[in-house]
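J.: My structure is stored as protein.txt, with compact mmCIF, C-alpha atoms.
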# COMPACT_ATOMS: atom_id res chain seq x y z
CA MET A 1 37.91 111.69 -3.46
CA ALA A 2 38.49 114.10 -6.31
CA ASP A 3 35.51 116.18 -7.36
CA LEU A 4 34.33 115.03 -10.80
CA THR A 5 31.45 117.47 -11.09
CA SER A 6 31.73 119.39 -14.31
CA THR A 7 30.61 122.72 -15.67
CA PHE A 8 31.11 122.84 -19.42
CA ALA A 9 30.02 125.89 -21.39
CA GLY A 10 27.75 126.73 -18.45
CA ILE A 11 26.20 123.24 -18.44
CA LYS A 12 26.53 121.31 -15.19
CA SER A 13 26.80 117.54 -14.86
CA PRO A 14 27.89 115.16 -12.06
CA ASN A 15 30.88 113.97 -14.09
CA PRO A 16 32.60 114.89 -17.37
CA PHE A 17 31.53 111.73 -19.22
CA TRP A 18 28.82 112.39 -21.81
CA LEU A 19 27.37 110.15 -24.48
CA ALA A 20 27.95 111.53 -27.97
CA SER A 21 25.15 112.12 -30.44
CA ALA A 22 24.84 108.70 -32.07
CA PRO A 23 22.67 105.56 -32.10
CA PRO A 24 22.99 105.10 -28.30
CA THR A 25 21.17 108.41 -27.70
CA ASP A 26 18.35 108.00 -30.20
CA LYS A 27 15.49 107.37 -27.80
CA GLU A 28 14.20 107.79 -24.25
CA TYR A 29 14.70 104.13 -23.33
CA ASN A 30 18.43 104.29 -24.11
CA VAL A 31 19.04 107.62 -22.40
CA ARG A 32 17.27 106.59 -19.20
CA ARG A 33 19.39 103.44 -19.04
CA ALA A 34 22.50 105.54 -19.62
CA PHE A 35 21.65 107.93 -16.79
CA GLU A 36 20.89 105.03 -14.47
CA ALA A 37 24.33 103.62 -15.30
CA GLY A 38 25.94 106.90 -14.24
CA TRP A 39 26.62 108.97 -17.35
CA GLY A 40 26.94 112.66 -16.60
CA GLY A 41 25.20 113.83 -19.74
CA VAL A 42 24.06 112.97 -23.24
CA VAL A 43 23.95 114.65 -26.59
CA TRP A 44 20.66 113.47 -28.09
CA LYS A 45 20.99 111.97 -31.55
CA THR A 46 20.76 114.64 -34.22
CA LEU A 47 17.30 116.05 -34.89
CA GLY A 48 16.26 117.46 -38.26
CA SER A 49 13.51 119.89 -39.15
CA GLU A 50 9.98 118.90 -40.01
CA GLY A 51 9.53 118.08 -43.67
CA PRO A 52 10.44 115.10 -45.85
CA PRO A 53 11.22 112.21 -43.49
CA VAL A 54 14.74 110.88 -43.04
CA VAL A 55 14.88 107.26 -44.21
CA ASN A 56 17.75 105.03 -43.11
CA VAL A 57 18.80 101.85 -44.89
CA ASN A 58 17.19 98.60 -43.77
CA GLY A 59 20.38 96.62 -44.15
CA PRO A 60 23.81 96.67 -42.52
CA ARG A 61 24.86 100.12 -41.28
CA TYR A 62 28.35 99.43 -39.94
CA GLY A 63 31.66 98.37 -41.36
CA ALA A 64 34.40 97.33 -38.96
CA ILE A 65 38.15 97.10 -38.46
CA TRP A 66 39.36 94.49 -35.95
CA GLY A 67 42.65 93.81 -34.23
CA ALA A 68 44.30 90.40 -34.29
CA ASP A 69 42.16 89.25 -31.36
CA ARG A 70 39.00 90.58 -33.05
CA ARG A 71 38.94 93.52 -30.70
CA LEU A 72 36.96 96.27 -32.38
CA LEU A 73 39.31 99.05 -33.41
CA GLY A 74 37.04 101.11 -35.61
CA LEU A 75 33.51 101.38 -36.95
CA ASN A 76 32.36 102.82 -40.23
CA ASN A 77 28.81 104.12 -39.84
CA ILE A 78 26.43 104.94 -42.71
CA GLU A 79 23.43 105.68 -40.49
CA LEU A 80 21.83 109.11 -40.95
CA ILE A 81 20.37 111.44 -38.32
CA THR A 82 17.32 110.25 -36.40
CA ASP A 83 14.52 108.85 -38.53
CA ARG A 84 12.03 109.12 -35.66
CA PRO A 85 9.39 111.90 -35.79
CA LEU A 86 10.56 115.24 -34.45
CA GLU A 87 7.64 115.59 -32.06
CA VAL A 88 8.34 112.16 -30.54
CA ASN A 89 11.99 113.03 -29.91
CA LEU A 90 11.07 116.38 -28.38
CA ARG A 91 8.50 114.80 -26.09
CA GLU A 92 10.98 112.19 -24.91
CA ILE A 93 13.73 114.75 -24.33
CA LYS A 94 11.41 116.76 -22.12
CA SER A 95 10.37 113.68 -20.18
CA VAL A 96 13.92 112.53 -19.50
CA LYS A 97 15.14 116.00 -18.54
CA ARG A 98 12.27 116.36 -16.08
CA ASP A 99 13.25 113.11 -14.32
CA TYR A 100 17.02 113.70 -14.38
CA PRO A 101 17.44 117.42 -13.70
CA ASP A 102 21.05 117.06 -12.56
CA ARG A 103 22.24 115.52 -15.84
CA ALA A 104 23.37 117.42 -18.91
CA MET A 105 20.87 117.20 -21.76
CA VAL A 106 22.22 118.63 -25.01
CA VAL A 107 20.36 118.25 -28.30
CA SER A 108 22.21 117.79 -31.58
CA LEU A 109 20.69 119.68 -34.51
CA MET A 110 21.02 119.67 -38.27
CA VAL A 111 18.64 121.57 -40.52
CA PRO A 112 18.85 123.31 -43.91
CA CYS A 113 21.15 126.31 -44.07
CA ASP A 114 18.56 129.07 -43.70
CA GLU A 115 17.78 131.15 -40.64
CA GLU A 116 14.06 130.37 -40.47
CA SER A 117 14.69 126.63 -40.26
CA TRP A 118 17.08 127.20 -37.36
CA LYS A 119 14.68 129.57 -35.62
CA ALA A 120 11.87 127.03 -35.76
CA ILE A 121 13.81 124.09 -34.36
CA LEU A 122 15.48 126.19 -31.66
CA ARG A 123 12.09 127.27 -30.32
CA ALA A 124 10.97 123.65 -30.21
CA VAL A 125 14.11 122.52 -28.38
CA GLU A 126 13.88 125.33 -25.84
CA ASP A 127 10.43 124.09 -24.88
CA THR A 128 11.97 120.79 -23.74
CA GLU A 129 14.12 122.62 -21.14
CA ALA A 130 17.24 121.00 -22.57
CA ASN A 131 20.52 122.49 -21.34
CA GLY A 132 21.99 123.32 -24.73
CA VAL A 133 22.35 122.50 -28.39
CA GLU A 134 25.15 121.00 -30.45
CA LEU A 135 25.33 121.98 -34.10
CA ASN A 136 26.19 118.95 -36.21
CA PHE A 137 28.60 120.33 -38.80
CA GLY A 138 30.45 117.06 -39.15
CA CYS A 139 28.39 114.21 -40.60
CA PRO A 140 30.35 113.13 -43.72
CA HIS A 141 27.74 110.92 -45.41
CA GLY A 142 24.13 111.18 -46.49
CA MET A 143 23.37 114.55 -44.97
CA ALA A 144 26.46 116.13 -46.55
CA GLU A 145 25.04 115.20 -49.94
CA ARG A 146 22.01 117.29 -48.98
CA GLY A 147 24.06 120.39 -48.20
CA MET A 148 24.23 119.83 -44.43
CA GLY A 149 26.68 118.17 -42.02
CA SER A 150 30.28 118.35 -43.20
CA ALA A 151 29.20 120.31 -46.28
CA VAL A 152 28.69 123.18 -43.83
CA GLY A 153 31.53 122.23 -41.50
CA GLN A 154 34.10 122.46 -44.28
CA VAL A 155 33.24 126.11 -44.98
CA PRO A 156 34.22 128.42 -42.10
CA GLU A 157 31.98 131.22 -43.40
CA TYR A 158 28.94 128.94 -43.13
CA ILE A 159 29.92 127.86 -39.62
CA GLU A 160 30.18 131.47 -38.48
CA MET A 161 26.88 132.39 -40.13
CA VAL A 162 24.81 129.52 -38.70
CA THR A 163 26.39 129.83 -35.25
CA ARG A 164 25.47 133.50 -35.20
CA TRP A 165 21.87 132.65 -36.15
CA VAL A 166 21.69 130.18 -33.28
CA LYS A 167 23.09 132.62 -30.73
CA GLN A 168 20.76 135.39 -31.91
CA ASN A 169 17.70 133.18 -31.71
CA SER A 170 18.27 131.08 -28.60
CA ARG A 171 19.12 131.45 -24.93
CA MET A 172 20.77 128.01 -24.81
CA PRO A 173 24.53 127.38 -24.79
CA CYS A 174 25.72 126.48 -28.29
CA ILE A 175 28.35 123.81 -28.95
CA VAL A 176 29.66 123.55 -32.51
CA LYS A 177 30.65 120.01 -33.55
CA LEU A 178 33.55 120.10 -35.99
CA THR A 179 34.39 117.81 -38.88
CA PRO A 180 37.90 116.32 -39.10
CA ASN A 181 37.52 116.16 -42.89
CA ILE A 182 39.37 119.41 -43.38
CA ALA A 183 42.99 120.50 -43.86
CA ASP A 184 43.29 122.83 -40.84
CA ILE A 185 40.97 122.24 -37.87
CA ARG A 186 41.82 125.66 -36.44
CA LYS A 187 39.91 127.52 -39.14
CA PRO A 188 36.41 126.13 -38.38
CA ALA A 189 37.07 126.53 -34.65
CA GLU A 190 37.98 130.17 -35.17
CA ALA A 191 34.83 130.65 -37.25
CA ALA A 192 32.70 129.10 -34.50
CA LYS A 193 34.21 131.46 -31.96
CA ARG A 194 33.59 134.49 -34.19
CA GLY A 195 29.97 133.39 -34.51
CA GLY A 196 29.60 133.37 -30.73
CA ALA A 197 29.84 129.64 -29.99
CA ASP A 198 30.05 128.77 -26.32
CA ALA A 199 32.19 125.70 -27.08
CA VAL A 200 33.31 123.31 -29.80
CA SER A 201 33.24 119.52 -29.83
CA LEU A 202 35.47 117.29 -31.93
CA ILE A 203 36.09 115.15 -33.74
CA ASN A 204 33.10 114.02 -35.69
CA THR A 205 33.60 110.93 -37.83
CA ILE A 206 36.24 110.60 -40.55
CA ASN A 207 35.12 110.00 -44.12
CA SER A 208 36.08 106.44 -44.95
CA ILE A 209 35.60 103.07 -46.59
CA THR A 210 36.74 100.38 -44.18
CA SER A 211 36.83 97.35 -46.48
CA VAL A 212 35.82 95.88 -49.83
CA ASN A 213 33.99 92.58 -50.33
CA LEU A 214 36.29 90.74 -52.73
CA ASP A 215 33.56 88.35 -53.86
CA ASP A 216 30.90 90.93 -54.69
CA PHE A 217 33.37 93.80 -55.29
CA SER A 218 31.46 96.29 -53.18
CA PRO A 219 32.44 98.42 -50.21
CA GLU A 220 31.25 97.14 -46.84
CA PRO A 221 28.65 97.44 -45.42
CA MET A 222 26.91 96.32 -48.59
CA ILE A 223 23.32 97.23 -49.46
CA ASP A 224 21.96 95.18 -52.38
CA GLY A 225 25.36 94.95 -54.03
CA LYS A 226 26.37 98.57 -53.46
CA GLY A 227 28.31 100.38 -50.75
CA THR A 228 29.15 103.95 -49.83
CA HIS A 229 31.56 106.03 -47.80
CA GLY A 230 30.71 106.51 -44.15
CA GLY A 231 31.93 108.00 -40.89
CA TYR A 232 34.86 106.27 -39.15
CA CYS A 233 35.05 106.24 -35.35
CA GLY A 234 36.42 104.20 -32.47
CA PRO A 235 39.84 103.68 -30.84
CA ALA A 236 41.62 103.93 -34.20
CA VAL A 237 40.74 107.63 -34.58
CA LYS A 238 41.93 108.70 -31.13
CA PRO A 239 45.40 109.91 -32.26
CA ILE A 240 43.81 112.10 -34.92
CA ALA A 241 41.32 113.48 -32.41
CA LEU A 242 43.98 114.22 -29.79
CA ASN A 243 46.04 116.19 -32.29
CA MET A 244 43.06 118.26 -33.44
CA VAL A 245 41.99 119.02 -29.86
CA ALA A 246 45.54 120.12 -29.07
CA GLU A 247 45.69 122.33 -32.18
CA ILE A 248 42.62 124.25 -31.04
CA ALA A 249 43.73 124.41 -27.41
CA ARG A 250 47.11 125.95 -28.27
CA ASN A 251 45.87 128.28 -30.97
CA PRO A 252 45.90 131.90 -29.70
CA GLU A 253 42.82 132.68 -31.81
CA THR A 254 40.73 130.11 -29.93
CA HIS A 255 42.31 130.50 -26.51
CA GLY A 256 39.75 129.95 -23.78
CA LEU A 257 37.16 128.32 -26.05
CA PRO A 258 35.83 125.24 -24.20
CA ILE A 259 36.44 121.95 -26.00
CA SER A 260 34.49 118.69 -25.71
CA GLY A 261 36.79 115.86 -26.74
CA ILE A 262 35.45 113.06 -28.94
CA GLY A 263 37.16 110.20 -30.74
CA GLY A 264 38.02 106.76 -29.42
CA VAL A 265 37.47 107.40 -25.70
CA THR A 266 37.25 103.91 -24.21
CA THR A 267 38.88 104.18 -20.77
CA TRP A 268 39.43 106.77 -18.06
CA ARG A 269 42.99 107.10 -19.34
CA ASP A 270 41.76 108.13 -22.79
CA ALA A 271 39.57 110.76 -21.15
CA ALA A 272 42.46 112.05 -19.04
CA GLU A 273 44.62 112.42 -22.16
CA PHE A 274 41.94 114.48 -23.90
CA MET A 275 41.56 116.67 -20.83
CA ALA A 276 45.31 117.16 -20.47
CA LEU A 277 45.31 118.45 -24.05
CA GLY A 278 42.59 120.98 -23.31
CA ALA A 279 39.21 119.20 -23.37
CA GLY A 280 36.84 120.23 -20.60
CA ASN A 281 34.88 117.00 -20.91
CA VAL A 282 34.63 114.00 -23.23
CA GLN A 283 31.94 112.33 -25.29
CA VAL A 284 31.79 108.58 -25.87
CA CYS A 285 30.08 106.50 -28.54
CA THR A 286 31.86 103.45 -29.98
CA ALA A 287 32.94 102.17 -26.56
CA VAL A 288 29.36 101.93 -25.32
CA MET A 289 28.28 100.36 -28.59
CA THR A 290 30.95 97.72 -27.93
CA TYR A 291 30.71 97.18 -24.17
CA GLY A 292 27.45 98.76 -22.99
CA PHE A 293 26.54 101.71 -20.78
CA LYS A 294 28.07 100.34 -17.56
CA ILE A 295 31.63 101.09 -18.66
CA VAL A 296 31.10 104.58 -17.26
CA SER A 297 31.51 103.28 -13.70
CA GLU A 298 35.10 102.23 -14.46
CA MET A 299 35.74 105.57 -16.17
CA VAL A 300 34.48 107.48 -13.13
CA SER A 301 36.40 105.43 -10.57
CA GLY A 302 39.59 105.36 -12.64
CA LEU A 303 39.66 109.10 -13.29
CA SER A 304 38.86 109.84 -9.66
CA GLN A 305 41.68 107.61 -8.44
CA TYR A 306 44.13 109.16 -10.90
CA LEU A 307 43.27 112.69 -9.77
CA ASP A 308 43.69 111.62 -6.15
CA GLU A 309 47.10 110.12 -6.89
CA LYS A 310 48.16 113.33 -8.63
CA GLN A 311 46.74 115.38 -5.74
CA MET A 312 44.36 117.23 -8.03
CA ALA A 313 41.14 118.48 -6.47
CA GLY A 314 39.06 117.98 -9.63
CA THR A 315 39.08 117.83 -13.39
CA ALA A 316 39.73 121.57 -13.66
CA ASP A 317 43.25 120.93 -12.37
CA LEU A 318 43.86 118.48 -15.22
CA VAL A 319 42.39 120.38 -18.16
CA GLY A 320 45.12 121.80 -20.37
CA ARG A 321 48.08 120.58 -18.30
CA ALA A 322 49.82 119.12 -21.38
CA VAL A 323 49.11 122.01 -23.76
CA PRO A 324 52.30 124.01 -22.94
CA ASN A 325 54.34 120.94 -23.86
CA VAL A 326 52.85 120.60 -27.34
CA THR A 327 55.17 122.31 -29.80
CA ASP A 328 56.21 122.26 -33.45
CA TRP A 329 58.98 119.95 -34.62
CA GLN A 330 61.41 122.77 -35.28
CA PHE A 331 61.51 123.64 -31.60
CA LEU A 332 62.46 120.17 -30.33
CA ASN A 333 65.71 120.00 -28.37
CA LEU A 334 68.61 118.32 -30.22
CA ASN A 335 70.61 118.31 -26.99
CA TYR A 336 68.33 115.58 -25.65
CA VAL A 337 70.00 112.28 -26.60
CA THR A 338 68.86 108.80 -25.59
CA LYS A 339 69.93 105.23 -26.32
CA ALA A 340 67.95 102.02 -26.20
CA LYS A 341 68.80 99.54 -23.47
CA ILE A 342 67.68 95.89 -23.38
CA ASP A 343 67.13 94.19 -20.01
CA PRO A 344 68.52 90.65 -20.45
CA GLU A 345 66.48 89.39 -17.50
CA SER A 346 63.19 90.42 -19.12
CA CYS A 347 64.11 89.45 -22.68
CA ILE A 348 62.25 86.40 -24.03
CA LYS A 349 64.60 86.14 -27.05
CA CYS A 350 61.82 86.52 -29.60
CA GLY A 351 64.03 88.59 -31.86
CA ARG A 352 61.45 91.17 -32.87
CA CYS A 353 63.69 94.07 -31.93
CA TYR A 354 66.57 92.64 -33.95
CA ALA A 355 64.45 91.97 -37.04
CA ALA A 356 62.85 95.42 -36.95
CA CYS A 357 66.15 97.26 -36.47
CA GLU A 358 68.16 95.13 -38.89
CA ASP A 359 65.64 95.16 -41.72
CA THR A 360 63.94 98.53 -41.42
CA SER A 361 65.95 100.81 -39.19
CA HIS A 362 69.64 101.39 -38.35
CA GLN A 363 71.23 97.97 -37.74
CA ALA A 364 71.92 98.94 -34.14
CA ILE A 365 71.08 95.64 -32.39
CA SER A 366 73.41 92.66 -32.38
CA MET A 367 72.38 89.02 -31.94
CA SER A 368 74.75 86.41 -30.54
CA ALA A 369 74.73 82.72 -31.41
CA ASP A 370 72.66 81.98 -28.30
CA ARG A 371 70.21 84.81 -29.11
CA VAL A 372 71.38 87.45 -26.69
CA PHE A 373 70.47 90.89 -28.03
CA GLU A 374 72.44 94.04 -27.33
CA VAL A 375 72.18 97.63 -28.53
CA MET A 376 75.23 99.09 -30.26
CA ASP A 377 75.36 102.71 -29.12
CA ASP A 378 77.51 103.78 -32.05
CA GLU A 379 74.67 102.89 -34.44
CA CYS A 380 71.58 103.64 -32.30
CA VAL A 381 69.72 106.80 -33.37
CA ALA A 382 67.22 106.43 -30.50
CA CYS A 383 64.22 105.99 -32.79
CA ASN A 384 62.59 103.64 -30.20
CA LEU A 385 61.15 101.29 -32.85
CA CYS A 386 62.55 98.39 -30.81
CA VAL A 387 60.58 99.55 -27.76
CA ASN A 388 57.36 99.61 -29.75
CA VAL A 389 57.72 96.17 -31.32
CA CYS A 390 58.90 94.41 -28.15
CA PRO A 391 56.10 92.26 -26.67
CA VAL A 392 57.46 92.59 -23.10
CA GLU A 393 56.64 95.87 -21.38
CA ASP A 394 59.72 97.73 -20.09
CA CYS A 395 62.13 95.12 -21.44
CA ILE A 396 63.60 97.82 -23.69
CA THR A 397 63.82 101.37 -22.39
CA MET A 398 65.26 104.65 -23.65
CA VAL A 399 67.99 106.02 -21.36
CA GLU A 400 69.03 109.67 -21.56
CA LEU A 401 72.71 110.47 -21.91
CA PRO A 402 73.93 112.95 -19.29
CA LYS A 403 74.98 116.46 -20.29
CA GLY A 404 78.60 116.53 -21.36
CA ALA A 405 78.60 112.88 -22.42
CA THR A 406 79.72 111.95 -25.92
CA ASP A 407 77.26 110.41 -28.33
CA ALA A 408 79.05 107.29 -29.65
CA ARG A 409 77.21 107.55 -32.94
CA THR A 410 78.10 111.15 -33.84
CA GLY A 411 81.20 111.72 -31.74
CA ARG A 412 79.86 115.03 -30.46
CA LYS A 413 79.02 116.02 -26.93
CA VAL A 414 75.34 116.01 -25.97
CA ASP A 415 75.24 119.77 -25.36
CA ASP A 416 77.08 120.86 -28.52
CA TYR A 417 73.99 122.81 -29.60
CA ALA A 418 73.81 124.86 -26.41
CA ASN A 419 73.81 128.06 -28.48
CA TRP A 420 70.23 128.32 -29.79
CA THR A 421 71.21 130.91 -32.42
CA THR A 422 73.01 128.18 -34.38
CA HIS A 423 70.71 125.30 -33.45
CA PRO A 424 69.65 123.53 -36.68
CA ASN A 425 66.08 123.38 -35.44
CA ASN A 426 65.91 127.14 -34.99
CA PRO A 427 64.02 128.51 -38.03
CA SER A 428 65.78 131.87 -37.68
CA ALA A 429 69.31 130.44 -37.56
CA THR A 430 71.38 131.67 -40.48
CA ALA A 431 74.30 129.27 -40.31
CA ALA A 432 74.98 125.71 -39.28
CA GLU A 433 77.31 124.95 -36.43
Would you kindly transcribe this structure into structure tokens?

T.:
Amino acid sequence: MADLTSTFAGIKSPNPFWLASAPPTDKEYNVRRAFEAGWGGVVWKTLGSEGPPVVNVNGPRYGAIWGADRRLLGLNNIELITDRPLEVNLREIKSVKRDYPDRAMVVSLMVPCDEESWKAILRAVEDTEANGVELNFGCPHGMAERGMGSAVGQVPEYIEMVTRWVKQNSRMPCIVKLTPNIADIRKPAEAAKRGGADAVSLINTINSITSVNLDDFSPEPMIDGKGTHGGYCGPAVKPIALNMVAEIARNPETHGLPISGIGGVTTWRDAAEFMALGAGNVQVCTAVMTYGFKIVSEMVSGLSQYLDEKQMAGTADLVGRAVPNVTDWQFLNLNYVTKAKIDPESCIKCGRCYAACEDTSHQAISMSADRVFEVMDDECVACNLCVNVCPVEDCITMVELPKGATDARTGRKVDDYANWTTHPNNPSATAAE
């Protein structure tokens, strides 16, 4: 069996699956149940400093986006940081860590942007013997309006400043949680590294309104006739999260900075994709809110089996494997030419490929009177839209043309662009072929 034990930013855990800072990690009861189910670590729901209490709404806190089968694709969350007393949270953190010494216990923090506030809460967290802290620079609602959360995370100078305060005033590893509500995710990551961060985690939730009640004309969830923007999470945000993780992993300025991947992780395969793009571990929230804590057992067994099949000794062999293959569009190879092929034995004659190609693409699929569909190579641009709309897996595949073959659509040989100096994708090329 592959070794799933993980060391992330100096924090050890029996597997790389952590619960993200969120409603599932708001109290001792939940975290104990999570550890019993097999989670490798948790990030305790964000604590604030002592002072005016945090008050959450007493009505609906979540908006939702569903698929056709009512499968939950995304949640919009308007809940704030913990509204439980600080001393209660600290006492419970200490109790759980004492009973589960082998699990990762990281505490999420968000306090006003002054050094004394950070000093005070860091001392309190250190007394719990937690393994580390995560700085919540991502919350896009409620706390941002108070000058915290994404209000800090959108300003690299603030990220660097607060991170430096934390590192100067604490012995604990420091993970900086980044907001996706920014134009270039590399900039806050670079700032975190300059400030001395031991790692970054991303993505936090995306600022959003998921739906509007068309009877009451208010965003959902609705509180006494009014609604607000919230943080979007769940499977729908995974593509955004994967891209941002990859951007940090391949950025020379943040090379070697550990990354905790967050955003739509539901299965072991999702986790493996994040790790292949550079994440050292993953954090999960919406999936456990949908299916419960026990999904971790499938994640553990699935990832372990995958690593065995790939003959990898552990997760370290997987982390970053895909990063060298992430490039910019201008460096893609125009000599790679494919054509769609339809397997007549698998085809159920639904016509989706024909409708999609005929109406919205390149009119490259023909339909006979008895509904036999064929790809016309002289029109096919290999966009693979037909593959994506086909309801039968592997019925339509993309087949590469061999080197030296002639592309029926363009009339040129596949390797006509062998000379990179005149390759149209080469940004330094001065002339077309």

J.: Which residue out of A:Asp99, A:Ile121, A:Gly149, A:Leu257 has the minimum interatomic distance to Glu87 of chain A when all atoms listed in the file are used?

T.: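 The answer is A:Ile121, which sits nearest to Glu87 of chain A.
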
J.: Just the residues within 10 Å of Pro324 of chain A, please, counting only C-alpha atoms, with nothing from its chain fewer than 5 positions along; format it as a list in words.

T.: Ala246, Ala249, Arg250 and Leu277 of chain A

J.: To one decimal in Å, tell me the separation between atom CA of Tyr158 of chain A and atom CA of Arg171 of chain A.

T.: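 Taking atom CA of Tyr158 of chain A and atom CA of Arg171 of chain A, their separation equals 20.8 Å.
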
J.: Which of these, A:Ala279, A:Leu303, A:Cys347, A:Leu80, has the shortest distance to Glu247 of chain A once you count only C-alpha atoms?

T.: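 Once distances to Glu247 of chain A are computed over only C-alpha atoms, the minimum belongs to A:Ala279.
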
J.: Counting all atoms listed in the file, which of A:Tyr354, A:Phe331, A:Phe35, A:Tyr62 gets nearest to Leu19 of chain A?

T.: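 Distance minimum relative to Leu19 of chain A lands on A:Phe35.
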
J.: Nearest residue to Ser260 of chain A out of A:Val288, A:Leu86, A:Ala20, A:Ile240, using only C-alpha atoms?

T.: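 The shortest atom-to-atom distance to Ser260 of chain A comes from A:Ala20.
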
J.: Complete the atom set of segment 278-299 of chain A to N, CA and C atoms and return it as a short mmCIF file (atom, residue, chain, number, x, y, z; two decimals), in the frame of the given file.

T.:
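After the write, out.cif holds the following:
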data_model
loop_
_atom_site.label_atom_id
_atom_site.label_comp_id
_atom_site.auth_asym_id
_atom_site.auth_seq_id
_atom_site.Cartn_x
_atom_site.Cartn_y
_atom_site.Cartn_z
N GLY A 278 43.45 119.80 -23.25
CA GLY A 278 42.59 120.98 -23.31
C GLY A 278 41.10 120.73 -23.32
N ALA A 279 40.65 119.48 -23.37
CA ALA A 279 39.21 119.20 -23.37
C ALA A 279 38.63 119.35 -21.97
N GLY A 280 37.51 120.05 -21.89
CA GLY A 280 36.84 120.23 -20.60
C GLY A 280 36.03 119.01 -20.19
N ASN A 281 35.54 118.27 -21.17
CA ASN A 281 34.88 117.00 -20.91
C ASN A 281 35.08 116.11 -22.13
N VAL A 282 34.51 114.91 -22.09
CA VAL A 282 34.63 114.00 -23.23
C VAL A 282 33.27 113.41 -23.57
N GLN A 283 33.14 113.02 -24.84
CA GLN A 283 31.94 112.33 -25.29
C GLN A 283 32.33 110.96 -25.82
N VAL A 284 31.48 109.98 -25.58
CA VAL A 284 31.79 108.58 -25.87
C VAL A 284 30.69 107.98 -26.73
N CYS A 285 31.06 107.19 -27.71
CA CYS A 285 30.08 106.50 -28.54
C CYS A 285 30.46 105.05 -28.78
N THR A 286 31.52 104.81 -29.56
CA THR A 286 31.86 103.45 -29.98
C THR A 286 32.08 102.52 -28.79
N ALA A 287 32.67 103.03 -27.73
CA ALA A 287 32.94 102.17 -26.56
C ALA A 287 31.66 101.62 -25.96
N VAL A 288 30.60 102.44 -25.88
CA VAL A 288 29.36 101.93 -25.32
C VAL A 288 28.65 101.02 -26.31
N MET A 289 28.86 101.25 -27.59
CA MET A 289 28.28 100.36 -28.59
C MET A 289 28.98 99.00 -28.57
N THR A 290 30.19 98.96 -28.02
CA THR A 290 30.95 97.72 -27.93
C THR A 290 30.72 97.02 -26.60
N TYR A 291 30.72 97.78 -25.49
CA TYR A 291 30.71 97.18 -24.17
C TYR A 291 29.49 97.50 -23.32
N GLY A 292 28.64 98.43 -23.76
CA GLY A 292 27.45 98.76 -22.99
C GLY A 292 27.64 99.98 -22.10
N PHE A 293 26.54 100.46 -21.55
CA PHE A 293 26.54 101.71 -20.78
C PHE A 293 27.35 101.64 -19.49
N LYS A 294 27.48 100.44 -18.90
CA LYS A 294 28.07 100.34 -17.56
C LYS A 294 29.57 100.62 -17.53
N ILE A 295 30.20 100.77 -18.69
CA ILE A 295 31.63 101.09 -18.66
C ILE A 295 31.91 102.42 -18.00
N VAL A 296 30.88 103.26 -17.86
CA VAL A 296 31.10 104.58 -17.26
C VAL A 296 31.55 104.46 -15.81
N SER A 297 31.13 103.41 -15.11
CA SER A 297 31.51 103.28 -13.70
C SER A 297 33.03 103.13 -13.57
N GLU A 298 33.65 102.37 -14.48
CA GLU A 298 35.10 102.23 -14.46
C GLU A 298 35.78 103.54 -14.84
N MET A 299 35.18 104.28 -15.79
CA MET A 299 35.74 105.57 -16.17
C MET A 299 35.73 106.54 -14.98
#
